[in-house]
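Below is one structure, written out as structure tokens, with a few remarks after it.
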Amino acid sequence: MPKKIILAIVGVFLIIQLIPVDRNNPPVSEEWNPDREIKQIIQKSCYDCHSNKTKWPWYSYVAPVSWLVAHDVKEGREELNFTEMDRYSERRFKRKLRHALEEVYEKEMPLPIYVLMHPEAKVTDEEFTKLKNYLEKEYKIEWSPENEDHEEE
Ligand code: HEC
């Protein structure tokens with residue numbers, strides 16, 4: 001590649017680093033507090049995008065990847081935030097939890113691209129069963145692959 005083009009690419013890369021990225025962690029208003037074991041699973045697998053306690057990884061400081069990470073966190077928090085429980089009625093939260101089981105079962109959550117960077121965030125079959133049993137017991141959420149529904153919200 002001609003030197004000029006390489007310099008131009010490096011220049012653009014450096015310049016885009018100056019675009020501000022919102023990596024804010026807003027205050028926690030009310031945190032979900034399930035059993036310790038359940039909370040640990042949710043913390044390691046979901047908190048980076050579904051809480052106000054995001055651990056921003058090093059690559060969230062490097063544009064353009066940082067834009068994608070910030071976007072996922074923003075959207076994730078909007079959809080479901082385990083540290084802003086005051087946003088939900090019990091009924092609404094139960095619907096979210098039910099949907100969460102389905103998403104985890106279908107390996108859509110945590111986001112596959114995130115699992116690639118954070119293998120430990122993967123929800124194992126054993127963890128899924130624990131989660132499912134807990135939600136059944138504490139929240140009377142009955143869910144199985146056969147009765148899945150695809151309703152939004
Ligand atoms: C890397 C970020 C990321 C992680 C980690 C993550 N999510 Fe998400 N989640 C998102 C984004 C972004 C959306 C909204 C867009 C979409 O649905 O794909 C979302 C949407 C959802 C929804 C839909 C919300 C609704 O209204 O029903 C549920 C449920 C959900 N996630 C559950 C989870 C659970 C449970 C975990 C952990 C096991 C998890 N997510 C981990 C980013 C993430």
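Ligands are numbered from 1 in the order shown, chains are lettered A, B, ... in the order of the structure tokens, and residues start at 1 in each chain.
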
*So which bits of chain A end up alpha helix (DSSP H) when you DSSP the backbone, as a PyMOL selection string?*
chain A and resi 3-16+36-50+65-79+90-105+112-117+125-139

_Environment of ligand 1 within 7 Å, counting only C-alpha atoms and all ligand atoms, reported as a list in words_ = Ile42, Ser45, Cys46, Tyr47, Asp48, Cys49, His50, Asp72, Val73, Glu75, Gly76, Glu79, Leu80, Lys96, Leu97, His99, Ala100, Leu101, Glu103, Val104, Met109, Pro110, Leu111, Tyr114, Val123, Glu152 and Glu153 of chain A

Keeping only C-alpha atoms, write the selected residues as an mmCIF file, in the first residue's frame.
```
data_model
loop_
_atom_site.group_PDB
_atom_site.id
_atom_site.type_symbol
_atom_site.label_atom_id
_atom_site.label_comp_id
_atom_site.auth_asym_id
_atom_site.auth_seq_id
_atom_site.Cartn_x
_atom_site.Cartn_y
_atom_site.Cartn_z
ATOM 1 C CA ILE A 42 -26.884 -12.579 36.296
ATOM 2 C CA SER A 45 -23.536 -12.815 32.278
ATOM 3 C CA CYS A 46 -25.859 -9.832 32.020
ATOM 4 C CA TYR A 47 -24.692 -6.914 34.156
ATOM 5 C CA ASP A 48 -22.349 -5.347 31.626
ATOM 6 C CA CYS A 49 -25.359 -4.445 29.463
ATOM 7 C CA HIS A 50 -28.375 -4.729 31.751
ATOM 8 C CA ASP A 72 -25.344 -2.268 23.127
ATOM 9 C CA VAL A 73 -25.146 -1.038 26.700
ATOM 10 C CA GLU A 75 -30.069 -0.491 24.321
ATOM 11 C CA GLY A 76 -29.583 -3.250 26.864
ATOM 12 C CA GLU A 79 -34.762 -3.054 27.536
ATOM 13 C CA LEU A 80 -33.984 -4.457 30.961
ATOM 14 C CA LYS A 96 -39.090 -9.622 31.306
ATOM 15 C CA LEU A 97 -37.793 -12.584 33.289
ATOM 16 C CA HIS A 99 -38.498 -13.451 28.075
ATOM 17 C CA ALA A 100 -35.000 -13.644 29.546
ATOM 18 C CA LEU A 101 -35.315 -17.408 29.983
ATOM 19 C CA GLU A 103 -33.444 -15.557 25.137
ATOM 20 C CA VAL A 104 -30.887 -17.447 27.202
ATOM 21 C CA MET A 109 -28.412 -13.648 25.420
ATOM 22 C CA PRO A 110 -25.784 -12.803 26.443
ATOM 23 C CA LEU A 111 -25.117 -11.407 22.956
ATOM 24 C CA TYR A 114 -19.970 -10.506 23.837
ATOM 25 C CA VAL A 123 -24.766 -19.327 30.732
ATOM 26 C CA GLU A 152 -42.623 -8.561 22.685
ATOM 27 C CA GLU A 153 -42.468 -6.896 26.111
#
```

Can I get the residues of range 37-145 of chain A within 10 Å of range 19-26 of chain A, each with the closest pair of atoms and their distance in Å to one decimal, using only C-alpha atoms, sorted chain first then ascending number, as a Markdown table?
```
| residue | atom | partner | partner_atom | distance |
| --- | --- | --- | --- | --- |
| A:Ser51 | CA | A:Asn25 | CA | 8.5 |
| A:Asn52 | CA | A:Asn25 | CA | 5.0 |
| A:Lys53 | CA | A:Asn25 | CA | 6.1 |
| A:Thr54 | CA | A:Asn25 | CA | 6.6 |
| A:Lys55 | CA | A:Asn25 | CA | 9.0 |
| A:Trp56 | CA | A:Arg23 | CA | 7.3 |
| A:Ser60 | CA | A:Arg23 | CA | 8.3 |
| A:Tyr61 | CA | A:Val21 | CA | 8.3 |
| A:Val62 | CA | A:Val21 | CA | 9.7 |
| A:Ala63 | CA | A:Ile19 | CA | 8.3 |
| A:Pro64 | CA | A:Ile19 | CA | 9.6 |
| A:Ser66 | CA | A:Val21 | CA | 7.1 |
| A:Trp67 | CA | A:Val21 | CA | 6.7 |
| A:Val69 | CA | A:Arg23 | CA | 9.2 |
| A:Ala70 | CA | A:Asp22 | CA | 6.5 |
| A:His71 | CA | A:Asp22 | CA | 9.1 |
| A:Val73 | CA | A:Arg23 | CA | 8.9 |
| A:Lys74 | CA | A:Asp22 | CA | 9.0 |
| A:Thr83 | CA | A:Pro26 | CA | 9.7 |
| A:Glu84 | CA | A:Pro26 | CA | 9.9 |
```

Long-range neighbours of Lys130 in chain A as an mmCIF file with N, CA and C atoms, in the first residue's frame, 8 Å cut-off, only C-alpha atoms, 4 positions minimum in chain:
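Written output follows (result01.cif):
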```
data_model
loop_
_atom_site.group_PDB
_atom_site.id
_atom_site.type_symbol
_atom_site.label_atom_id
_atom_site.label_comp_id
_atom_site.auth_asym_id
_atom_site.auth_seq_id
_atom_site.Cartn_x
_atom_site.Cartn_y
_atom_site.Cartn_z
ATOM 1 N N ILE A 38 -28.081 -17.057 42.089
ATOM 2 C CA ILE A 38 -28.761 -16.531 40.904
ATOM 3 C C ILE A 38 -28.184 -15.164 40.553
ATOM 4 N N GLU A 126 -26.245 -26.023 33.212
ATOM 5 C CA GLU A 126 -26.493 -26.169 34.643
ATOM 6 C C GLU A 126 -27.002 -24.859 35.238
ATOM 7 N N TYR A 134 -35.373 -21.493 39.856
ATOM 8 C CA TYR A 134 -35.550 -20.384 40.791
ATOM 9 C C TYR A 134 -36.742 -19.508 40.383
#
```

*Of the candidates A:Ala121, A:Ile141, A:Leu131, A:Ala8, which one gets nearest to Gln43 in chain A if we count only C-alpha atoms?*
A:Ala121

*Neighbours of range 32-36 of chain A within 7 Å (only C-alpha atoms; same-chain residues fewer than 2 positions away dropped), as a ChimeraX atom specification?*
/A:30,38-40,82-83,85

*When distances are computed from only C-alpha atoms, which of A:Lys3, A:Arg98, A:Arg92, A:Lys44 shows the smallest separation from Glu136 in chain A?*
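Using only C-alpha atoms, the shortest distance to Glu136 in chain A belongs to A:Arg98.
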